[in-house]
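Note sheet for the following structure.
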Amino acid sequence: MFETVIVSKYTSGLMVSKFWSNEMGVNGKDELKLPLLQPSNGIPASVSQSVLDVDKRIKTIMFKVSGIRCASCAVSIESVLGKLNGVASVMVSPLQGQAVVKYLPELITAKQIKQAVEDAGFQADDFPEQDIVVCRLRIKGMACTSCSESAERALSMVDGVKKAVVGLALEEAKVNYDPSVTDTDRIIEAVADAGFGADLISSGSDLNKVHLKLEGINSSNDLTAIQCALEVSEGVNHVAMDLEEHVATISYDSDVIGPRSLIQCVREAGSEPNIYKASLYIPPRRQDTERQHDIKMYKVKFLWSCIFSVPVVMFSMVLPMLPPYGKWLDYKIHNMLTLGMLLRWIFCSPVQFFIGRRFYVGSYHALKRRSANMDVLVALGTNAAYFYSVYVLIKALISDKFEGQDFFETSSMLISFILLGKYLEVVARGKTSDALAKLTDLAPDTAYLLTLSGNGDVISEEEISTQLIQRDDILKIVPGAKVPVDGIVINGQSHVNESMITGEAKPVAKRPGDKVIGGTVNENGCVLVKATRVGSETALSQIVQIVENAQLARAPVQKLADQISKFFVPAVVVAAFLTWLGWFIPGEAGVYPKSWIPKAMDGFELALQFGISVLVVACPCALGLATPTAVMVATGKGASQGVLIKGGNALEKAHKVKLVVFDKTGTLTVGKPTVVSAVLFSISSMEEFCNIAIAAESNSEHPIAKAVVEHAKKLYPKHGSQTEYVTEVDDFVVHPGAGVGVKVGDKKVLVGNRRLMQACNVPFGPEVEDYISDNEHLARTCVLVAIDGRVAGAFAVTDPVKPEAARVVSFLHSMGISSIMVTGDNWATATAIAKEVGIQKLFAETDPLGKADKIKELQMKGMTVAMVGDGINDSPALVAADVGLAIGAGTDVAIEAADIVLIKSNLEDVITAIDLSKKTIARIRLNYVWALGYNILGMPIAAGVLFPFTGIRLPPWLAGACMAASSISVVCSSLLLQSYKKPLHPDPH
């Protein structure tokens, strides 16, 4: 069941009329009167395209309903809920057993809605009793997959946390929690208790945030006065004060207040005006700052480690091989303790305990939470080498006959190589988010703000920071400048290069009334733009948010790494112990010849080296980075080319697609229908015919309805004596996929297709049948107008096919992917369009629920189905499909329902999305080959499998280098996705 929401404006408030219908032909109308919001400036809130835009206080809940057996059950629930005072809209899906209710919490609660559902004889399941808030955290100290799992488990155990996802590669967490039960401080505390650092990146109230540097502050009372003044300002959600830096961080509602108003509020906070001053403060980007800090930290630690490790290597491996220069190292200090042994201990100890302290801390926290990670392996390996070497040193000190080999160089070199590997890994991982960083840097730093008089004359012009722009500001965009925010051109003409957002290189002409996107470049001509979306509401900000969420989401293919990580470290420890036993016991029993044992080493020491090598060669880090780094690069690369992928799940499903279902209007066709002819059948006056058509279709948002209205208005002046149209109508009813019914004056009017006329028993004459047949064979849609039960006339509407449609269908076929068209249009028109683009199979005259049913039928045959659509009527099919691809120029509902959004509305990006997903999944699998390959090949070699046959063994320090190399190779493998190029390039003609 679907609905059309029409918002009418009254002096006392907003009247929201919901017209709904379903496949059983039941129609109805509900009304809800809501109080009209009055912003602080006294200007009434403008009526926008949806109830949520009309009143920000309206909230939405979605829940499952048990007991829905047919469409009439859905109608019953909607009827019950629709009568409740405070419910703005209701939509119940009988197919999915779900209900979406928009309500005003001031008039009704979620609990009352649930009770109403249960009173109607149904059960409301998975019902959200409270509002859920989302926050993002920066997590510090994660080393491998087991660390991210431990952090995720710690977050999930906090009371009030509904869901927590931790991304290892992004080093972030996304937490859904109930603010009435817990808060961000408790969540951060839980992360700290698990042994990790955590900083709040954003919370649910941080949609729009600004930082202000305060001046004129002499005491804490001044800060308190400013904070109080800001907090009482309408539209301010939260104020945080930095007492040391004198910086105020303010979260606000951009519909009510803006950053310039907040600065003015600070100036007026004192006993006298302008005692306090405020200016925009732009803090360094935390993620970049922390990454640079990590790079610097690992670099410094590696260099300090080298300062101490190099002498150890020189004393143990280099100088002894140069007899004239290394003899002094054999000088005996006491008993068998030599000067070389003592120096190696002195230089190794700072590396083991100070530079390598992070491994002890990481191991402690891991073992405390009953898990094991890479730090545990490194700590075990280095401690085994170090403390055995200390044992050798003490034994040599107290004995005059003992001869033993220390492994101080093993411990110090192992830590040095691991620190080098972490340094290179952090540098490489920083490059995986380069595409996202480039997106965020697209917006310019400054903009020209104009002040206009009532006559539209420019009073003043001022260059301001982009962050100070408020809604409805008038901005001047000069040639070569970037558009700072989303807006509408109100004066001037130009061409704008939108390639950085949409990937389309061809500049787009802009005239008054056209929309512009923040971050795009004005190539020629000066235009004045009215800001409509600022801050987090801009298209650029929303793209960044989608990509960030996608990079944080966990792909199903990552489950392999998660499962392995649970027993990986314990298994490695057991393998290392068995390796030591496997070499030590046969050595003591004389199973292998003594000649295998290197000089200055005994059987115990040889076995210990093999055991340590096994410990440190295994790398769980590479497994944990295999999937998220590839997803990060792929989603960022996709966004830069106009394809928004909403997560690893969408990526994984898209690579399996074997069938693509296309909607027709706005998807395969341009989506801008034009009327090519109009005829009269049972009415003599073209004036009256146009007048009725305009009145009936003016209330519809359908593209064909708009085309009919536009054409009728062009005809009306030619045939009418005046240009005043009848616009007052009654009993307006939408018939989804068919047309509309309305009462114009005392006449009952139907405007729609053949199916609507047949359903309402409107008879056809041969003249009407011939007209419909002739136009349908020309791929035209006939819009019939019936007045009082008789077809009075008709319009023939054509919607040209997109030029790239045929190429896309052909290329999909070459990839082994079939194509099907599903449309609500008639069979003749649909067949003509399908033939033109090369689609063999189609379903026509299908309503929105029917489209979802077709998708499910195809899935029942075992096929992975992708759906490409653009309208509200496509949203059920987009949700039902394995992968939903929404055309970017489509409706917000369709974009919300889709898994992948094609920003520039080009069908070629359907191929780009599928091909990019295939390349990404292939890269993830290759990453697993690299990660597991190192372990599968490295561990047996480290255990000494080749040693009896070739004499080749893997010293612990070299095993540590291999472990570091595995992580670096995985990240670099993912970075190769940066070179991805579209398989199907735009047709130059």
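Letters A, B, ... mark the chains of the structure tokens in the order given; residue numbers begin at 1 per chain; ligand numbers begin at 1, in order shown.
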From a DSSP pass on the backbone, collect the residues of segment 786-900 of chain A flagged as strand (DSSP E) and hand them back as number ranges by chain.
-> A: 786-787, 790-798, 818-822, 841-843, 865-869, 883-887, 900
Writing out the chosen residues with N, CA and C atoms as a PDB file, in the first residue's frame:
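Generated output (result-v4.pdb):
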ATOM      1  N   ALA A 786     -11.555  11.418 -18.839  1.00  0.00           N
ATOM      2  CA  ALA A 786     -12.974  11.061 -18.854  1.00  0.00           C
ATOM      3  C   ALA A 786     -13.743  12.032 -17.976  1.00  0.00           C
ATOM      4  N   ILE A 787     -14.846  12.547 -18.511  1.00  0.00           N
ATOM      5  CA  ILE A 787     -15.708  13.490 -17.788  1.00  0.00           C
ATOM      6  C   ILE A 787     -17.080  12.861 -17.656  1.00  0.00           C
ATOM      7  N   ARG A 790     -17.482   9.457 -19.543  1.00  0.00           N
ATOM      8  CA  ARG A 790     -17.219   9.362 -20.985  1.00  0.00           C
ATOM      9  C   ARG A 790     -15.837   9.926 -21.289  1.00  0.00           C
ATOM     10  N   VAL A 791     -15.102   9.269 -22.204  1.00  0.00           N
ATOM     11  CA  VAL A 791     -13.778   9.740 -22.594  1.00  0.00           C
ATOM     12  C   VAL A 791     -13.947  11.001 -23.430  1.00  0.00           C
ATOM     13  N   ALA A 792     -13.500  12.138 -22.861  1.00  0.00           N
ATOM     14  CA  ALA A 792     -13.676  13.429 -23.537  1.00  0.00           C
ATOM     15  C   ALA A 792     -12.528  13.743 -24.489  1.00  0.00           C
ATOM     16  N   GLY A 793     -11.323  13.257 -24.181  1.00  0.00           N
ATOM     17  CA  GLY A 793     -10.170  13.546 -25.028  1.00  0.00           C
ATOM     18  C   GLY A 793      -8.956  12.792 -24.518  1.00  0.00           C
ATOM     19  N   ALA A 794      -7.842  13.040 -25.180  1.00  0.00           N
ATOM     20  CA  ALA A 794      -6.623  12.312 -24.786  1.00  0.00           C
ATOM     21  C   ALA A 794      -5.387  13.108 -25.165  1.00  0.00           C
ATOM     22  N   PHE A 795      -4.318  12.814 -24.450  1.00  0.00           N
ATOM     23  CA  PHE A 795      -2.997  13.372 -24.748  1.00  0.00           C
ATOM     24  C   PHE A 795      -2.061  12.214 -25.083  1.00  0.00           C
ATOM     25  N   ALA A 796      -1.223  12.379 -26.083  1.00  0.00           N
ATOM     26  CA  ALA A 796      -0.188  11.389 -26.412  1.00  0.00           C
ATOM     27  C   ALA A 796       1.142  11.899 -25.870  1.00  0.00           C
ATOM     28  N   VAL A 797       1.744  11.106 -24.997  1.00  0.00           N
ATOM     29  CA  VAL A 797       2.964  11.530 -24.304  1.00  0.00           C
ATOM     30  C   VAL A 797       4.115  10.621 -24.709  1.00  0.00           C
ATOM     31  N   THR A 798       5.232  11.219 -24.989  1.00  0.00           N
ATOM     32  CA  THR A 798       6.428  10.431 -25.308  1.00  0.00           C
ATOM     33  C   THR A 798       7.542  10.776 -24.335  1.00  0.00           C
ATOM     34  N   SER A 818      21.671 -10.857 -17.481  1.00  0.00           N
ATOM     35  CA  SER A 818      20.436 -10.649 -18.243  1.00  0.00           C
ATOM     36  C   SER A 818      19.743  -9.365 -17.789  1.00  0.00           C
ATOM     37  N   SER A 819      18.867  -8.851 -18.657  1.00  0.00           N
ATOM     38  CA  SER A 819      18.135  -7.620 -18.355  1.00  0.00           C
ATOM     39  C   SER A 819      16.636  -7.842 -18.554  1.00  0.00           C
ATOM     40  N   ILE A 820      15.856  -7.279 -17.644  1.00  0.00           N
ATOM     41  CA  ILE A 820      14.393  -7.341 -17.706  1.00  0.00           C
ATOM     42  C   ILE A 820      13.852  -5.941 -17.429  1.00  0.00           C
ATOM     43  N   MET A 821      12.751  -5.587 -18.073  1.00  0.00           N
ATOM     44  CA  MET A 821      12.102  -4.309 -17.812  1.00  0.00           C
ATOM     45  C   MET A 821      10.764  -4.547 -17.119  1.00  0.00           C
ATOM     46  N   VAL A 822      10.502  -3.795 -16.046  1.00  0.00           N
ATOM     47  CA  VAL A 822       9.226  -3.856 -15.334  1.00  0.00           C
ATOM     48  C   VAL A 822       8.675  -2.438 -15.260  1.00  0.00           C
ATOM     49  N   LYS A 841      12.863  -9.611 -22.400  1.00  0.00           N
ATOM     50  CA  LYS A 841      11.776  -9.980 -21.492  1.00  0.00           C
ATOM     51  C   LYS A 841      11.301  -8.752 -20.718  1.00  0.00           C
ATOM     52  N   LEU A 842       9.975  -8.585 -20.607  1.00  0.00           N
ATOM     53  CA  LEU A 842       9.445  -7.430 -19.889  1.00  0.00           C
ATOM     54  C   LEU A 842       8.123  -7.772 -19.221  1.00  0.00           C
ATOM     55  N   PHE A 843       7.789  -6.958 -18.215  1.00  0.00           N
ATOM     56  CA  PHE A 843       6.492  -7.034 -17.543  1.00  0.00           C
ATOM     57  C   PHE A 843       5.900  -5.629 -17.534  1.00  0.00           C
ATOM     58  N   VAL A 865      19.286 -10.763  -7.899  1.00  0.00           N
ATOM     59  CA  VAL A 865      18.609  -9.761  -8.715  1.00  0.00           C
ATOM     60  C   VAL A 865      18.969  -8.354  -8.251  1.00  0.00           C
ATOM     61  N   ALA A 866      19.287  -7.499  -9.219  1.00  0.00           N
ATOM     62  CA  ALA A 866      19.485  -6.064  -8.960  1.00  0.00           C
ATOM     63  C   ALA A 866      18.328  -5.303  -9.581  1.00  0.00           C
ATOM     64  N   MET A 867      17.854  -4.288  -8.894  1.00  0.00           N
ATOM     65  CA  MET A 867      16.756  -3.460  -9.386  1.00  0.00           C
ATOM     66  C   MET A 867      17.257  -2.036  -9.559  1.00  0.00           C
ATOM     67  N   VAL A 868      16.972  -1.431 -10.730  1.00  0.00           N
ATOM     68  CA  VAL A 868      17.365  -0.056 -11.001  1.00  0.00           C
ATOM     69  C   VAL A 868      16.093   0.771 -11.141  1.00  0.00           C
ATOM     70  N   GLY A 869      15.924   1.771 -10.272  1.00  0.00           N
ATOM     71  CA  GLY A 869      14.719   2.590 -10.318  1.00  0.00           C
ATOM     72  C   GLY A 869      14.980   3.989  -9.826  1.00  0.00           C
ATOM     73  N   VAL A 883      20.104  -6.297  -4.611  1.00  0.00           N
ATOM     74  CA  VAL A 883      20.844  -5.033  -4.697  1.00  0.00           C
ATOM     75  C   VAL A 883      19.930  -3.992  -5.338  1.00  0.00           C
ATOM     76  N   GLY A 884      19.657  -2.913  -4.625  1.00  0.00           N
ATOM     77  CA  GLY A 884      18.848  -1.825  -5.175  1.00  0.00           C
ATOM     78  C   GLY A 884      19.740  -0.688  -5.621  1.00  0.00           C
ATOM     79  N   LEU A 885      19.585  -0.277  -6.892  1.00  0.00           N
ATOM     80  CA  LEU A 885      20.370   0.833  -7.425  1.00  0.00           C
ATOM     81  C   LEU A 885      19.416   1.974  -7.757  1.00  0.00           C
ATOM     82  N   ALA A 886      19.588   3.116  -7.079  1.00  0.00           N
ATOM     83  CA  ALA A 886      18.702   4.257  -7.285  1.00  0.00           C
ATOM     84  C   ALA A 886      19.381   5.305  -8.156  1.00  0.00           C
ATOM     85  N   ILE A 887      18.616   5.790  -9.143  1.00  0.00           N
ATOM     86  CA  ILE A 887      19.095   6.888  -9.973  1.00  0.00           C
ATOM     87  C   ILE A 887      19.140   8.143  -9.113  1.00  0.00           C
ATOM     88  N   ILE A 900      22.791   1.113  -3.513  1.00  0.00           N
ATOM     89  CA  ILE A 900      23.768   1.864  -4.294  1.00  0.00           C
ATOM     90  C   ILE A 900      23.045   3.034  -4.949  1.00  0.00           C
TER      91      ILE A 900
END
Residues near segment 584-593 of chain A, anyone? I mean within 12 Å using only C-alpha atoms, not counting same-chain ones fewer than 3 positions away, as a PDB file with C-alpha atoms, in the first residue's frame.
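And here is the file that came out, out25.pdb:
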ATOM      1  CA  PHE A 577      55.195 -24.796  21.989  1.00  0.00           C
ATOM      2  CA  LEU A 578      54.850 -28.004  19.960  1.00  0.00           C
ATOM      3  CA  THR A 579      57.615 -26.764  17.623  1.00  0.00           C
ATOM      4  CA  TRP A 580      59.917 -26.256  20.604  1.00  0.00           C
ATOM      5  CA  LEU A 581      59.093 -29.721  21.937  1.00  0.00           C
ATOM      6  CA  TRP A 596      72.685 -29.800  12.564  1.00  0.00           C
ATOM      7  CA  ILE A 597      73.148 -27.600  15.610  1.00  0.00           C
ATOM      8  CA  PRO A 598      74.998 -24.337  14.744  1.00  0.00           C
ATOM      9  CA  ASP A 602      72.905 -26.282  21.898  1.00  0.00           C
ATOM     10  CA  GLY A 603      69.753 -28.284  21.171  1.00  0.00           C
ATOM     11  CA  PHE A 604      67.632 -26.293  23.622  1.00  0.00           C
ATOM     12  CA  GLU A 605      68.640 -22.981  22.030  1.00  0.00           C
ATOM     13  CA  LEU A 606      67.984 -24.245  18.504  1.00  0.00           C
ATOM     14  CA  ALA A 607      64.529 -25.459  19.525  1.00  0.00           C
ATOM     15  CA  LEU A 608      63.856 -22.138  21.269  1.00  0.00           C
ATOM     16  CA  GLN A 609      64.714 -20.191  18.143  1.00  0.00           C
ATOM     17  CA  PHE A 610      62.332 -22.294  16.059  1.00  0.00           C
ATOM     18  CA  GLY A 611      59.570 -21.778  18.648  1.00  0.00           C
ATOM     19  CA  PHE A 947      66.016 -27.214   7.860  1.00  0.00           C
ATOM     20  CA  PRO A 948      66.806 -30.987   7.764  1.00  0.00           C
ATOM     21  CA  PHE A 949      66.863 -31.001   3.942  1.00  0.00           C
TER      22      PHE A 949
END
Residues at most 12 Å from Pro350 of chain A, counting only C-alpha atoms, excluding those fewer than 3 positions away in the same chain, as a ChimeraX atom specification?
-> /A:301,304-309,312,344-347,353-357,386,408,411-412,415-416
Can those selected residues be exported to a file as a PDB file, in the first residue's frame so that it contains C-alpha atoms?
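Written out: selection.pdb:
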ATOM      1  CA  LYS A 301      60.202   4.652  18.279  1.00  0.00           C
ATOM      2  CA  TRP A 304      65.293   4.956  18.940  1.00  0.00           C
ATOM      3  CA  SER A 305      65.030   1.195  18.602  1.00  0.00           C
ATOM      4  CA  CYS A 306      67.637   1.283  15.812  1.00  0.00           C
ATOM      5  CA  ILE A 307      69.964   3.381  17.969  1.00  0.00           C
ATOM      6  CA  PHE A 308      70.035   0.572  20.539  1.00  0.00           C
ATOM      7  CA  SER A 309      69.516  -2.445  18.250  1.00  0.00           C
ATOM      8  CA  VAL A 312      73.535  -5.211  19.624  1.00  0.00           C
ATOM      9  CA  ARG A 344      74.372  -6.692  24.394  1.00  0.00           C
ATOM     10  CA  TRP A 345      72.274  -6.913  27.584  1.00  0.00           C
ATOM     11  CA  ILE A 346      72.766  -3.184  28.339  1.00  0.00           C
ATOM     12  CA  PHE A 347      71.729  -2.078  24.852  1.00  0.00           C
ATOM     13  CA  PHE A 353      61.111  -2.633  28.279  1.00  0.00           C
ATOM     14  CA  PHE A 354      60.828   1.013  27.220  1.00  0.00           C
ATOM     15  CA  ILE A 355      60.552   1.111  23.433  1.00  0.00           C
ATOM     16  CA  GLY A 356      58.629  -2.190  23.429  1.00  0.00           C
ATOM     17  CA  ARG A 357      56.403  -1.166  26.338  1.00  0.00           C
ATOM     18  CA  TYR A 386      65.252 -11.905  26.266  1.00  0.00           C
ATOM     19  CA  PHE A 408      69.622 -10.400  22.784  1.00  0.00           C
ATOM     20  CA  SER A 411      64.701  -9.606  20.893  1.00  0.00           C
ATOM     21  CA  SER A 412      65.889  -6.114  19.884  1.00  0.00           C
ATOM     22  CA  ILE A 415      60.914  -5.220  18.074  1.00  0.00           C
ATOM     23  CA  SER A 416      62.679  -2.927  15.588  1.00  0.00           C
TER      24      SER A 416
END
Leaving out segment 741-754 of chain A and any residue of its chain fewer than 6 positions from it, which residues lie within 7 Å of it when counting only C-alpha atoms, given as a ChimeraX atom specification?
-> /A:692,696,729-734,782-788
Pick from A:Gly86, A:Gly789, A:Gly513, A:Gly739, whichever lies nearest to Val527 of chain A using only C-alpha atoms = A:Gly513
Which residue, A:Leu715, A:Lys664, A:Ser917, A:Met297, has the smallest gap to Met686 of chain A when you use only C-alpha atoms?
->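 Result for the nearest residue to Met686 of chain A: A:Leu715.
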Mind running segment 738-808 of chain A against segment 823-830 of chain A at 10 Å and telling me each contacting residue's nearest atom pair with the distance in Å (one decimal), counting only C-alpha atoms, chain and number ascending, as CSV?
residue,atom,partner,partner_atom,distance
A:Ala738,CA,A:Gly824,CA,7.8
A:Asn753,CA,A:Asn826,CA,8.1
A:Arg754,CA,A:Asn826,CA,8.0
A:Arg755,CA,A:Asn826,CA,8.4
A:Ile772,CA,A:Ala828,CA,9.5
A:Ser773,CA,A:Ala828,CA,7.8
A:Asp774,CA,A:Ala828,CA,9.6
A:Asn775,CA,A:Thr829,CA,8.1
A:Glu776,CA,A:Thr829,CA,4.8
A:His777,CA,A:Ala828,CA,5.8
A:Leu778,CA,A:Thr829,CA,7.1
A:Ala779,CA,A:Thr829,CA,4.2
A:Arg780,CA,A:Thr829,CA,5.8
A:Thr781,CA,A:Thr829,CA,6.4
A:Cys782,CA,A:Asn826,CA,9.0
A:Thr798,CA,A:Thr829,CA,9.4
Go ahead and save the residues from that selection, with N, CA and C atoms, as a PDB file, in the first residue's frame.
ATOM      1  N   ALA A 738      -1.924   4.172 -12.238  1.00  0.00           N
ATOM      2  CA  ALA A 738      -3.038   4.271 -13.180  1.00  0.00           C
ATOM      3  C   ALA A 738      -3.419   5.712 -13.488  1.00  0.00           C
ATOM      4  N   ASN A 753      -4.573   6.130 -17.505  1.00  0.00           N
ATOM      5  CA  ASN A 753      -4.362   5.218 -18.612  1.00  0.00           C
ATOM      6  C   ASN A 753      -5.591   4.329 -18.851  1.00  0.00           C
ATOM      7  N   ARG A 754      -5.449   3.414 -19.802  1.00  0.00           N
ATOM      8  CA  ARG A 754      -6.547   2.532 -20.173  1.00  0.00           C
ATOM      9  C   ARG A 754      -7.014   1.702 -18.961  1.00  0.00           C
ATOM     10  N   ARG A 755      -6.042   1.264 -18.111  1.00  0.00           N
ATOM     11  CA  ARG A 755      -6.389   0.432 -16.967  1.00  0.00           C
ATOM     12  C   ARG A 755      -7.319   1.152 -15.998  1.00  0.00           C
ATOM     13  N   ILE A 772      -5.441   5.078 -29.267  1.00  0.00           N
ATOM     14  CA  ILE A 772      -4.549   4.443 -28.283  1.00  0.00           C
ATOM     15  C   ILE A 772      -3.604   3.472 -28.982  1.00  0.00           C
ATOM     16  N   SER A 773      -4.140   2.636 -29.865  1.00  0.00           N
ATOM     17  CA  SER A 773      -3.326   1.620 -30.544  1.00  0.00           C
ATOM     18  C   SER A 773      -2.237   2.253 -31.394  1.00  0.00           C
ATOM     19  N   ASP A 774      -2.602   3.290 -32.164  1.00  0.00           N
ATOM     20  CA  ASP A 774      -1.627   3.942 -33.050  1.00  0.00           C
ATOM     21  C   ASP A 774      -0.473   4.536 -32.260  1.00  0.00           C
ATOM     22  N   ASN A 775      -0.772   5.176 -31.136  1.00  0.00           N
ATOM     23  CA  ASN A 775       0.280   5.837 -30.359  1.00  0.00           C
ATOM     24  C   ASN A 775       1.124   4.843 -29.564  1.00  0.00           C
ATOM     25  N   GLU A 776       0.496   3.795 -29.082  1.00  0.00           N
ATOM     26  CA  GLU A 776       1.267   2.818 -28.312  1.00  0.00           C
ATOM     27  C   GLU A 776       2.299   2.115 -29.171  1.00  0.00           C
ATOM     28  N   HIS A 777       1.995   1.898 -30.445  1.00  0.00           N
ATOM     29  CA  HIS A 777       2.967   1.278 -31.339  1.00  0.00           C
ATOM     30  C   HIS A 777       4.119   2.222 -31.666  1.00  0.00           C
ATOM     31  N   LEU A 778       3.931   3.506 -31.384  1.00  0.00           N
ATOM     32  CA  LEU A 778       4.995   4.495 -31.559  1.00  0.00           C
ATOM     33  C   LEU A 778       5.713   4.763 -30.232  1.00  0.00           C
ATOM     34  N   ALA A 779       5.500   3.869 -29.241  1.00  0.00           N
ATOM     35  CA  ALA A 779       6.115   3.985 -27.911  1.00  0.00           C
ATOM     36  C   ALA A 779       5.655   5.246 -27.193  1.00  0.00           C
ATOM     37  N   ARG A 780       4.394   5.597 -27.419  1.00  0.00           N
ATOM     38  CA  ARG A 780       3.820   6.750 -26.726  1.00  0.00           C
ATOM     39  C   ARG A 780       2.782   6.280 -25.708  1.00  0.00           C
ATOM     40  N   THR A 781       2.684   7.033 -24.626  1.00  0.00           N
ATOM     41  CA  THR A 781       1.696   6.737 -23.594  1.00  0.00           C
ATOM     42  C   THR A 781       0.480   7.630 -23.787  1.00  0.00           C
ATOM     43  N   CYS A 782      -0.701   7.029 -23.757  1.00  0.00           N
ATOM     44  CA  CYS A 782      -1.928   7.801 -23.925  1.00  0.00           C
ATOM     45  C   CYS A 782      -2.537   8.116 -22.565  1.00  0.00           C
ATOM     46  N   THR A 798       5.232  11.219 -24.989  1.00  0.00           N
ATOM     47  CA  THR A 798       6.428  10.431 -25.308  1.00  0.00           C
ATOM     48  C   THR A 798       7.542  10.776 -24.335  1.00  0.00           C
TER      49      THR A 798
END
Using atom CA of Ser156 of chain A and atom CA of Tyr177 of chain A as the two end points, give the distance in Å to one decimal.
->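 Here the two named atoms are 9.6 Å from each other.
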Go through A:Trp930, A:Tyr391, A:Tyr771, A:Tyr448 and flag the residue nearest Leu623 of chain A, using only C-alpha atoms for the distances.
->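 Closest residue, counting only C-alpha atoms: A:Trp930.
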